[in-house]
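One file, entry_27.txt, is given below (compact mmCIF, C-alpha atoms).
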# COMPACT_ATOMS: atom_id res chain seq x y z
CA MET A 1 0.00 0.00 0.00
CA ALA A 2 2.83 2.38 0.89
CA GLN A 3 4.30 2.00 -2.58
CA THR A 4 1.33 3.73 -4.18
CA CYS A 5 0.93 6.46 -1.60
CA ASN A 6 1.20 9.94 -3.11
CA VAL A 7 2.28 12.76 -0.82
CA LEU A 8 2.03 16.52 -1.36
CA VAL A 9 4.17 18.85 0.73
CA VAL A 10 2.72 22.28 1.55
CA ASP A 11 5.62 24.19 3.11
CA ASP A 12 7.44 27.37 2.12
CA SER A 13 10.86 25.84 2.77
CA PRO A 14 12.68 24.00 -0.05
CA MET A 15 14.81 22.40 2.68
CA VAL A 16 11.78 20.70 4.23
CA PHE A 17 10.72 19.40 0.82
CA LYS A 18 14.20 17.96 0.32
CA ALA A 19 14.17 16.35 3.77
CA VAL A 20 10.70 14.86 3.26
CA LYS A 21 11.71 13.42 -0.13
CA ARG A 22 14.85 11.97 1.42
CA ALA A 23 12.81 10.34 4.18
CA LEU A 24 9.91 8.99 2.12
CA GLU A 25 11.11 8.01 -1.34
CA PRO A 26 13.42 5.18 -0.23
CA GLU A 27 10.39 3.75 1.60
CA GLY A 28 8.34 3.65 -1.59
CA PHE A 29 6.25 6.79 -1.18
CA GLN A 30 5.88 9.18 -4.07
CA VAL A 31 6.46 12.80 -3.09
CA MET A 32 4.50 14.46 -5.87
CA ASP A 33 5.17 18.14 -5.54
CA GLN A 34 5.62 21.11 -3.21
CA ALA A 35 3.31 24.07 -2.68
CA PHE A 36 4.92 27.13 -1.09
CA ASN A 37 1.83 28.50 0.67
CA GLY A 38 -1.67 27.40 1.60
CA GLN A 39 -3.37 28.95 -1.38
CA GLU A 40 -1.07 27.20 -3.82
CA GLY A 41 -1.53 24.07 -1.73
CA LEU A 42 -5.31 24.08 -2.14
CA GLU A 43 -4.91 24.52 -5.89
CA LYS A 44 -2.46 21.62 -6.13
CA ILE A 45 -4.58 19.39 -3.91
CA ALA A 46 -7.54 19.94 -6.26
CA VAL A 47 -5.45 18.95 -9.28
CA LEU A 48 -3.19 16.22 -7.88
CA ASN A 49 -5.55 14.62 -5.36
CA PRO A 50 -2.74 13.36 -3.06
CA ASP A 51 -3.31 10.52 -0.60
CA VAL A 52 -1.56 12.42 2.20
CA ILE A 53 -0.86 16.11 2.67
CA ILE A 54 2.05 17.30 4.80
CA LEU A 55 1.17 20.79 5.92
CA ASP A 56 3.32 23.47 7.56
CA VAL A 57 1.81 26.12 9.85
CA THR A 58 3.89 29.27 9.28
CA MET A 59 3.64 30.20 5.61
CA PRO A 60 3.09 33.41 3.65
CA ILE A 61 -0.26 34.28 2.00
CA MET A 62 -2.27 31.53 3.74
CA ASP A 63 -1.02 29.70 6.84
CA GLY A 64 -1.51 26.04 7.65
CA ILE A 65 -4.46 26.52 9.98
CA GLN A 66 -6.38 28.56 7.40
CA THR A 67 -5.46 26.00 4.76
CA ALA A 68 -6.66 23.07 6.85
CA GLU A 69 -9.93 24.88 7.56
CA ALA A 70 -10.58 25.49 3.85
CA LEU A 71 -9.48 21.98 2.92
CA PHE A 72 -11.72 20.17 5.42
CA GLN A 73 -14.72 22.21 4.27
CA ARG A 74 -14.17 20.79 0.78
CA ASN A 75 -12.99 17.34 1.82
CA PRO A 76 -13.67 16.33 5.43
CA THR A 77 -11.81 13.02 5.01
CA ALA A 78 -8.54 14.52 3.72
CA LYS A 79 -5.49 12.93 5.35
CA VAL A 80 -3.40 15.75 6.72
CA ILE A 81 -0.24 15.57 8.82
CA MET A 82 0.83 18.90 10.21
CA LEU A 83 4.60 19.37 10.33
CA SER A 84 5.58 22.56 12.09
CA ALA A 85 8.35 24.13 14.12
CA MET A 86 5.64 25.20 16.59
CA GLY A 87 3.78 22.62 18.62
CA ASP A 88 2.11 24.24 21.59
CA ASP A 89 -0.91 22.60 23.20
CA ASP A 90 -3.45 25.15 21.92
CA LEU A 91 -2.23 24.88 18.35
CA THR A 92 -2.10 21.09 18.26
CA SER A 93 -5.56 20.82 19.87
CA LYS A 94 -7.03 23.26 17.37
CA ALA A 95 -5.49 21.38 14.44
CA LYS A 96 -6.78 18.02 15.68
CA ARG A 97 -10.27 19.42 16.31
CA MET A 98 -10.31 20.56 12.69
CA GLY A 99 -9.49 17.06 11.44
CA VAL A 100 -5.70 16.97 11.21
CA LYS A 101 -4.69 13.35 11.78
CA LEU A 102 -1.27 13.88 13.31
CA PHE A 103 0.89 16.79 14.40
CA LEU A 104 4.67 16.44 14.16
CA THR A 105 7.25 19.03 15.15
CA LYS A 106 10.44 19.97 13.32
CA PRO A 107 13.12 18.80 13.31
CA PHE A 108 11.53 15.45 12.53
CA LYS A 109 13.08 12.01 12.41
CA PRO A 110 12.66 10.30 9.00
CA GLU A 111 11.40 7.07 10.57
CA GLU A 112 8.85 9.05 12.60
CA LEU A 113 7.43 10.62 9.44
CA VAL A 114 7.31 7.26 7.65
CA SER A 115 5.51 5.53 10.52
CA SER A 116 3.11 8.44 10.89
CA ILE A 117 2.05 8.23 7.25
CA ARG A 118 1.74 4.44 7.43
CA SER A 119 -0.50 4.81 10.45
CA ILE A 120 -3.09 6.88 8.59
CA ILE A 121 -3.22 5.30 5.13
CA MET B 1 6.77 43.73 29.25
CA GLU B 2 7.71 42.87 32.83
CA GLN B 3 11.39 42.06 33.22
CA ASP B 4 10.71 38.58 34.65
CA LYS B 5 8.53 37.67 31.70
CA PHE B 6 11.07 39.04 29.23
CA ASN B 7 13.85 37.06 30.93
CA TYR B 8 11.70 33.93 30.66
CA PHE B 9 11.17 34.56 26.95
CA CYS B 10 14.94 34.98 26.48
CA ASN B 11 15.66 31.73 28.34
CA CYS B 12 13.16 29.86 26.17
CA PHE B 13 14.75 31.04 22.92
CA GLU B 14 18.30 30.50 24.16
CA ASP B 15 17.43 26.96 25.28
CA ALA B 16 15.81 26.34 21.89
CA LEU B 17 18.96 27.54 20.13
CA LYS B 18 21.13 25.14 22.14
CA LYS B 19 18.70 22.25 21.70
CA THR B 20 18.42 22.72 17.93
CA PHE B 21 22.19 22.89 17.47
CA ALA B 22 22.60 19.71 19.50
CA GLN B 23 19.79 17.87 17.68
CA LEU B 24 20.70 18.81 14.13
CA ALA B 25 24.45 19.12 14.21
CA GLU B 26 25.50 17.56 17.52
CA VAL B 27 27.12 20.89 18.36
CA ASP B 28 27.35 22.21 21.92
CA LEU B 29 27.23 25.96 22.46
CA SER B 30 29.38 27.67 25.05
CA ASN B 31 28.86 31.27 26.14
CA CYS B 32 31.25 33.89 24.84
CA ASP B 33 31.45 37.66 24.86
CA SER B 34 32.35 38.25 21.26
CA GLN B 35 30.10 38.40 18.22
CA PRO B 36 31.09 36.75 14.94
CA ALA B 37 34.15 38.67 13.74
CA ASP B 38 33.28 41.62 11.51
CA SER B 39 35.69 40.54 8.81
CA THR B 40 33.81 37.33 8.16
CA LYS B 41 30.79 37.12 5.91
CA LYS B 42 27.69 36.42 7.97
CA LEU B 43 24.21 35.23 7.30
CA SER B 44 21.41 36.58 9.45
CA SER B 45 17.85 35.49 9.81
CA VAL B 46 15.03 37.51 11.37
CA VAL B 47 11.74 35.93 12.42
CA GLY B 48 8.83 38.05 13.62
CA VAL B 49 6.59 37.15 16.54
CA VAL B 50 2.95 38.25 16.54
CA GLY B 51 0.13 37.76 19.03
CA VAL B 52 -0.39 39.18 22.52
CA ASN B 53 3.31 40.14 22.53
CA LYS B 54 5.06 41.40 19.42
CA GLY B 55 8.75 41.00 18.76
CA ARG B 56 11.47 39.51 16.61
CA ILE B 57 14.33 37.05 16.93
CA HIS B 58 17.58 37.71 15.08
CA ILE B 59 20.11 34.94 14.65
CA ALA B 60 23.47 35.55 12.95
CA MET B 61 26.36 33.24 12.25
CA ALA B 62 29.39 33.01 10.03
CA GLU B 63 28.70 31.75 6.51
CA ASP B 64 31.22 28.96 7.07
CA LEU B 65 29.21 27.74 10.05
CA VAL B 66 26.01 27.67 7.98
CA LYS B 67 27.86 25.67 5.32
CA LYS B 68 28.93 23.15 7.90
CA LEU B 69 25.42 22.92 9.39
CA TYR B 70 24.00 22.40 5.91
CA GLU B 71 26.45 19.57 5.23
CA SER B 72 25.70 17.99 8.57
CA ALA B 73 21.95 18.01 7.89
CA ASN B 74 21.98 17.10 4.20
CA GLY B 75 25.04 14.91 3.82
CA GLU B 76 26.23 17.02 0.88
CA SER B 77 27.59 20.52 0.23
CA ALA B 78 25.31 23.43 -0.62
CA THR B 79 25.36 24.21 -4.33
CA ASP B 80 25.09 27.99 -3.91
CA GLU B 81 24.42 30.77 -1.41
CA MET B 82 20.66 30.49 -1.93
CA ASP B 83 20.79 26.95 -0.53
CA LEU B 84 22.50 28.32 2.57
CA CYS B 85 19.90 31.07 2.93
CA PHE B 86 17.04 28.57 2.68
CA TYR B 87 18.74 26.33 5.20
CA LEU B 88 19.34 29.13 7.69
CA ALA B 89 15.71 30.23 7.27
CA GLU B 90 14.47 26.78 8.22
CA PHE B 91 17.03 26.40 11.00
CA THR B 92 15.87 29.70 12.51
CA ASN B 93 12.26 28.70 12.07
CA MET B 94 12.91 25.54 14.09
CA ILE B 95 14.68 27.46 16.87
CA THR B 96 12.00 30.13 17.18
CA GLY B 97 9.20 27.59 16.82
CA SER B 98 10.63 25.51 19.63
CA GLY B 99 10.98 28.60 21.85
CA ILE B 100 7.48 29.86 21.07
CA THR B 101 6.03 26.45 21.92
CA VAL B 102 7.39 26.63 25.47
CA VAL B 103 6.28 30.26 25.90
CA ASN B 104 2.75 29.50 24.66
CA ASN B 105 2.43 26.50 26.94
CA THR B 106 3.49 28.64 29.92
CA TYR B 107 1.53 31.80 29.12
CA ARG B 108 -1.70 30.17 27.93
CA GLY B 109 -3.79 32.42 25.73
CA SER B 110 -0.78 34.36 24.42
CA ASP B 111 -1.32 32.70 21.04
CA LEU B 112 2.08 33.80 19.79
CA ARG B 113 2.77 32.95 16.16
CA LEU B 114 5.79 33.33 13.89
CA THR B 115 6.15 35.12 10.59
CA PRO B 116 8.17 33.58 7.75
CA PRO B 117 11.90 34.36 8.15
CA ALA B 118 13.82 37.02 6.25
CA ILE B 119 17.48 36.35 5.45
CA PHE B 120 20.30 38.86 5.07
CA ALA B 121 23.92 38.34 4.10
CA ASP B 122 26.72 40.81 4.79
CA GLU B 123 29.89 41.38 6.74
CA LYS B 124 28.25 43.57 9.37
CA LEU B 125 24.58 43.60 10.30
CA ASP B 126 22.92 45.34 13.22
CA ILE B 127 19.26 45.74 14.04
CA ALA B 128 18.13 48.87 15.82
CA THR B 129 14.44 49.14 16.63
CA PRO B 130 13.04 51.84 18.90
CA GLN B 131 10.60 50.84 21.65
CA VAL B 132 12.01 47.34 21.79
CA GLN B 133 13.26 45.62 24.92
CA SER B 134 16.11 43.47 23.70
CA ALA B 135 18.81 41.11 24.84
CA GLN B 136 21.73 39.64 22.93
CA LYS B 137 23.84 36.59 23.60
CA SER B 138 26.83 35.16 21.75
CA TYR B 139 28.07 31.58 21.75
CA GLN B 140 31.11 29.81 20.51
CA THR B 141 30.88 26.49 18.70
CA LYS B 142 33.56 24.24 17.33
CA LEU B 143 32.35 25.40 13.91
CA GLY B 144 32.42 29.16 14.62
CA PRO B 145 30.47 31.79 16.57
CA VAL B 146 26.71 32.35 16.64
CA MET B 147 24.67 35.26 18.01
CA ILE B 148 21.01 35.49 19.02
CA GLU B 149 19.18 38.75 19.69
CA ILE B 150 15.69 38.72 21.18
CA GLY B 151 13.51 41.83 21.09
CA PHE B 152 9.94 42.46 22.25
CA GLU B 153 7.76 45.52 22.13
CA GLY B 154 7.56 47.66 25.24
CA GLU B 155 9.91 49.43 27.59

How would this structure read if it were set down as structure tokens?
Amino acid sequence: MAQTCNVLVVDDSPMVFKAVKRALEPEGFQVMDQAFNGQEGLEKIAVLNPDVIILDVTMPIMDGIQTAEALFQRNPTAKVIMLSAMGDDDLTSKAKRMGVKLFLTKPFKPEELVSSIRSII
Amino acid sequence: MEQDKFNYFCNCFEDALKKTFAQLAEVDLSNCDSQPADSTKKLSSVVGVVGVNKGRIHIAMAEDLVKKLYESANGESATDEMDLCFYLAEFTNMITGSGITVVNNTYRGSDLRLTPPAIFADEKLDIATPQVQSAQKSYQTKLGPVMIEIGFEGE
């Protein structure tokens, strides 16, 4: 199942995209593309229909919380993992109430990201 | 901002700086009085803080140190200066995000959030902002010096 899992990264950092690709591709995941802000993310989600979305919080134009809100209105079953440098209790609770499956903090361990995705697909 | 609260904020960001260096590059920071030498090219990153308290965190380090951090994290050399800028931006984001997490969990309801980082490269960079309560600390690493400056609105 993991071999056909398509992942979209919504994060303004090219370094995070690189790190996610490095963690996931050897495990058989396909990291489809990167969106640099929430607005671009919503557009790419509509076109690419990824199995899992890795979503940052702090981004220009539209942040991760606003993006998740808009996304779950369109698709309440979307599989979203939030990956952020921030991880305070209020933020993680809010994200999970909205429908975010898992909340990981940066810096992340590759094996942690892999097991997180496997746990929700 | 009350001095005790400001000191707590500073401790949170300084601890986050040390933790992130240790986690990502297995580098220990030791206190020092000097800033990165003016003759060396430096990269600086500034991240804004918004919410109940407004401020900014400025982190500067020698370009050579950023190169070494990049190599440590990616297992390869950076191809150009833009790679280093992107890396420092994310590195700073992780430091400030870690610090903000502790602050928010202590001062519930503060709802502090970060703004995307801005990166600057030069031999000498100073930030001067009126009406800001600020503190600066320098550290020495085996890879070169690093400086963090923490500023929040208010006397």

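Proximity to Glu63 of chain B was assessed for B:Gln23, B:Glu123, B:Ile150, B:Gln131 counting all atoms listed in the file; the smallest distance is recorded for B:Glu123.
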
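Note that atom CA of Leu102 of chain A and atom CA of Lys79 of chain A are 9.1 Å apart.
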
For chain B against chain A, with a cut-off of 12 Å and counting only C-alpha atoms, what is the closest atom pair and its distance in Å to one decimal for every residue that makes the cut, ordered by chain and number, as a tab-separated table?
residue	atom	partner	partner_atom	distance
B:Ala16	CA	A:Ala85	CA	11.0
B:Lys19	CA	A:Pro107	CA	10.7
B:Thr20	CA	A:Pro107	CA	8.0
B:Phe21	CA	A:Pro107	CA	10.8
B:Ala22	CA	A:Pro107	CA	11.4
B:Gln23	CA	A:Pro107	CA	8.0
B:Leu24	CA	A:Pro107	CA	7.6
B:Ala25	CA	A:Pro107	CA	11.4
B:Val47	CA	A:Thr58	CA	10.8
B:Gly48	CA	A:Thr58	CA	11.0
B:Val49	CA	A:Thr58	CA	11.0
B:Val50	CA	A:Thr58	CA	11.6
B:Tyr70	CA	A:Met15	CA	9.7
B:Ala73	CA	A:Ala19	CA	9.0
B:Asn74	CA	A:Ala19	CA	7.9
B:Gly75	CA	A:Arg22	CA	10.9
B:Ala78	CA	A:Met15	CA	11.1
B:Met82	CA	A:Pro14	CA	10.5
B:Asp83	CA	A:Met15	CA	8.2
B:Leu84	CA	A:Met15	CA	9.7
B:Cys85	CA	A:Met15	CA	10.1
B:Phe86	CA	A:Met15	CA	6.6
B:Tyr87	CA	A:Met15	CA	6.1
B:Leu88	CA	A:Met15	CA	9.5
B:Ala89	CA	A:Ser13	CA	7.9
B:Glu90	CA	A:Ser13	CA	6.6
B:Phe91	CA	A:Pro107	CA	8.9
B:Thr92	CA	A:Ala85	CA	9.5
B:Asn93	CA	A:Ala85	CA	6.4
B:Met94	CA	A:Ala85	CA	4.8
B:Ile95	CA	A:Ala85	CA	7.7
B:Thr96	CA	A:Ala85	CA	7.7
B:Gly97	CA	A:Met86	CA	4.3
B:Ser98	CA	A:Met86	CA	5.9
B:Gly99	CA	A:Met86	CA	8.2
B:Ile100	CA	A:Met86	CA	6.7
B:Thr101	CA	A:Asp88	CA	4.5
B:Val102	CA	A:Asp88	CA	7.0
B:Val103	CA	A:Asp88	CA	8.5
B:Asn104	CA	A:Asp88	CA	6.1
B:Asn105	CA	A:Asp88	CA	5.8
B:Thr106	CA	A:Asp88	CA	9.5
B:Tyr107	CA	A:Asp88	CA	10.7
B:Arg108	CA	A:Asp90	CA	8.0
B:Gly109	CA	A:Asp90	CA	8.2
B:Ser110	CA	A:Asp90	CA	9.9
B:Asp111	CA	A:Asp90	CA	7.9
B:Leu112	CA	A:Asp88	CA	9.7
B:Arg113	CA	A:Thr58	CA	7.9
B:Leu114	CA	A:Thr58	CA	6.4
B:Thr115	CA	A:Thr58	CA	6.4
B:Pro116	CA	A:Met59	CA	6.0
B:Pro117	CA	A:Thr58	CA	9.6
B:Ala118	CA	A:Pro60	CA	11.6

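One distance worth recording is that between atom CA of Phe6 of chain B and atom CA of Lys18 of chain B, which is 18.6 Å.
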
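With distances taken over all atoms listed in the file, A:Ile121 is the one residue among A:Leu42, A:Glu69, A:Ile121, A:Ala23 lying closest to Asn6 of chain A.
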
Nearby residues (all atoms listed in the file) at most 12 Å from Met32 of chain A, same-chain spacing under 3 positions excluded, as a list in words:
Thr4, Cys5, Asn6, Val7, Leu8, Val9, Val10, Phe17, Val20, Lys21, Leu24, Glu25, Phe29, Ala35, Lys44, Ile45, Val47, Leu48, Asn49, Pro50, Asp51, Val52, Ile53 and Ile54 of chain A

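Our summary of the geometry notes that atom CA of Met82 of chain A is positioned 28.5 Å from atom CA of Lys68 of chain B.
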
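Counting only C-alpha atoms, the residue from B:Asn31, B:Ser45, B:Ser77, B:Gln3 that sits nearest to Glu149 of chain B is B:Ser45.
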
Between B:Ala135, B:Lys67, B:Val27, B:Thr141, which residue has the minimum interatomic distance to Glu14 of chain B, considering only C-alpha atoms?
B:Ala135

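Among A:Asp11, A:Asp56, A:Glu27, A:Glu40, the residue with the shortest atom-to-atom distance to Ala95 of chain A, counting all atoms listed in the file, is A:Asp56.
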
If you count all atoms listed in the file, the residue of B:Val132, B:Ile57, B:Leu43, B:Leu69 closest to Cys10 of chain B turns out to be B:Ile57

Rebuild segment 22-33 of chain A to all heavy atoms - output it as a short mmCIF file (atom, residue, chain, number, x, y, z; two decimals), in the coordinates of the input, please.
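result29.cif written:
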data_model
loop_
_atom_site.label_atom_id
_atom_site.label_comp_id
_atom_site.auth_asym_id
_atom_site.auth_seq_id
_atom_site.Cartn_x
_atom_site.Cartn_y
_atom_site.Cartn_z
N ARG A 22 13.78 12.88 1.00
CA ARG A 22 14.85 11.97 1.42
C ARG A 22 14.34 10.92 2.39
O ARG A 22 14.79 9.77 2.39
CB ARG A 22 15.97 12.80 2.06
CG ARG A 22 17.32 12.23 1.88
CD ARG A 22 18.47 13.15 2.24
NE ARG A 22 18.22 13.94 3.41
CZ ARG A 22 18.25 15.27 3.43
NH1 ARG A 22 18.53 15.94 2.34
NH2 ARG A 22 18.02 15.93 4.54
N ALA A 23 13.35 11.29 3.20
CA ALA A 23 12.81 10.34 4.18
C ALA A 23 11.84 9.35 3.53
O ALA A 23 11.84 8.17 3.89
CB ALA A 23 12.08 11.11 5.29
N LEU A 24 11.02 9.82 2.60
CA LEU A 24 9.91 8.99 2.12
C LEU A 24 10.21 8.17 0.87
O LEU A 24 9.71 7.04 0.74
CB LEU A 24 8.69 9.88 1.85
CG LEU A 24 8.10 10.62 3.06
CD1 LEU A 24 6.82 11.36 2.66
CD2 LEU A 24 7.80 9.66 4.21
N GLU A 25 10.96 8.72 -0.06
CA GLU A 25 11.11 8.01 -1.34
C GLU A 25 11.81 6.65 -1.22
O GLU A 25 11.37 5.69 -1.87
CB GLU A 25 11.78 8.93 -2.36
CG GLU A 25 10.78 10.02 -2.80
CD GLU A 25 11.27 10.93 -3.91
OE1 GLU A 25 12.49 10.96 -4.19
OE2 GLU A 25 10.41 11.61 -4.50
N PRO A 26 12.83 6.53 -0.37
CA PRO A 26 13.42 5.18 -0.23
C PRO A 26 12.44 4.16 0.35
O PRO A 26 12.64 2.96 0.22
CB PRO A 26 14.59 5.42 0.75
CG PRO A 26 14.88 6.87 0.67
CD PRO A 26 13.57 7.53 0.40
N GLU A 27 11.39 4.65 1.00
CA GLU A 27 10.39 3.75 1.60
C GLU A 27 9.24 3.47 0.64
O GLU A 27 8.25 2.85 1.03
CB GLU A 27 9.85 4.38 2.89
CG GLU A 27 10.91 4.58 3.96
CD GLU A 27 11.50 3.27 4.47
OE1 GLU A 27 10.75 2.29 4.59
OE2 GLU A 27 12.72 3.24 4.71
N GLY A 28 9.35 3.97 -0.58
CA GLY A 28 8.34 3.65 -1.59
C GLY A 28 7.23 4.67 -1.77
O GLY A 28 6.34 4.48 -2.58
N PHE A 29 7.26 5.74 -1.02
CA PHE A 29 6.25 6.79 -1.18
C PHE A 29 6.63 7.67 -2.37
O PHE A 29 7.81 7.85 -2.68
CB PHE A 29 6.18 7.68 0.07
CG PHE A 29 5.75 6.94 1.30
CD1 PHE A 29 6.68 6.38 2.16
CD2 PHE A 29 4.40 6.81 1.61
CE1 PHE A 29 6.30 5.69 3.30
CE2 PHE A 29 4.01 6.12 2.76
CZ PHE A 29 4.96 5.56 3.60
N GLN A 30 5.61 8.23 -3.00
CA GLN A 30 5.88 9.18 -4.07
C GLN A 30 5.61 10.60 -3.57
O GLN A 30 4.47 10.93 -3.23
CB GLN A 30 5.02 8.89 -5.31
CG GLN A 30 5.47 9.73 -6.49
CD GLN A 30 4.53 9.68 -7.68
OE1 GLN A 30 3.66 8.82 -7.75
NE2 GLN A 30 4.70 10.62 -8.59
N VAL A 31 6.64 11.40 -3.49
CA VAL A 31 6.46 12.80 -3.09
C VAL A 31 6.22 13.59 -4.37
O VAL A 31 7.12 13.83 -5.16
CB VAL A 31 7.69 13.31 -2.31
CG1 VAL A 31 7.45 14.74 -1.84
CG2 VAL A 31 7.96 12.41 -1.11
N MET A 32 4.96 13.95 -4.57
CA MET A 32 4.50 14.46 -5.87
C MET A 32 5.02 15.84 -6.20
O MET A 32 5.46 16.12 -7.31
CB MET A 32 2.97 14.53 -5.88
CG MET A 32 2.28 13.27 -5.48
SD MET A 32 0.51 13.55 -5.27
CE MET A 32 -0.06 13.38 -6.95
N ASP A 33 4.92 16.74 -5.22
CA ASP A 33 5.17 18.14 -5.54
C ASP A 33 5.24 18.93 -4.22
O ASP A 33 4.93 18.39 -3.15
CB ASP A 33 4.03 18.68 -6.42
CG ASP A 33 4.45 19.91 -7.21
OD1 ASP A 33 5.58 20.41 -7.00
OD2 ASP A 33 3.65 20.39 -8.03
#
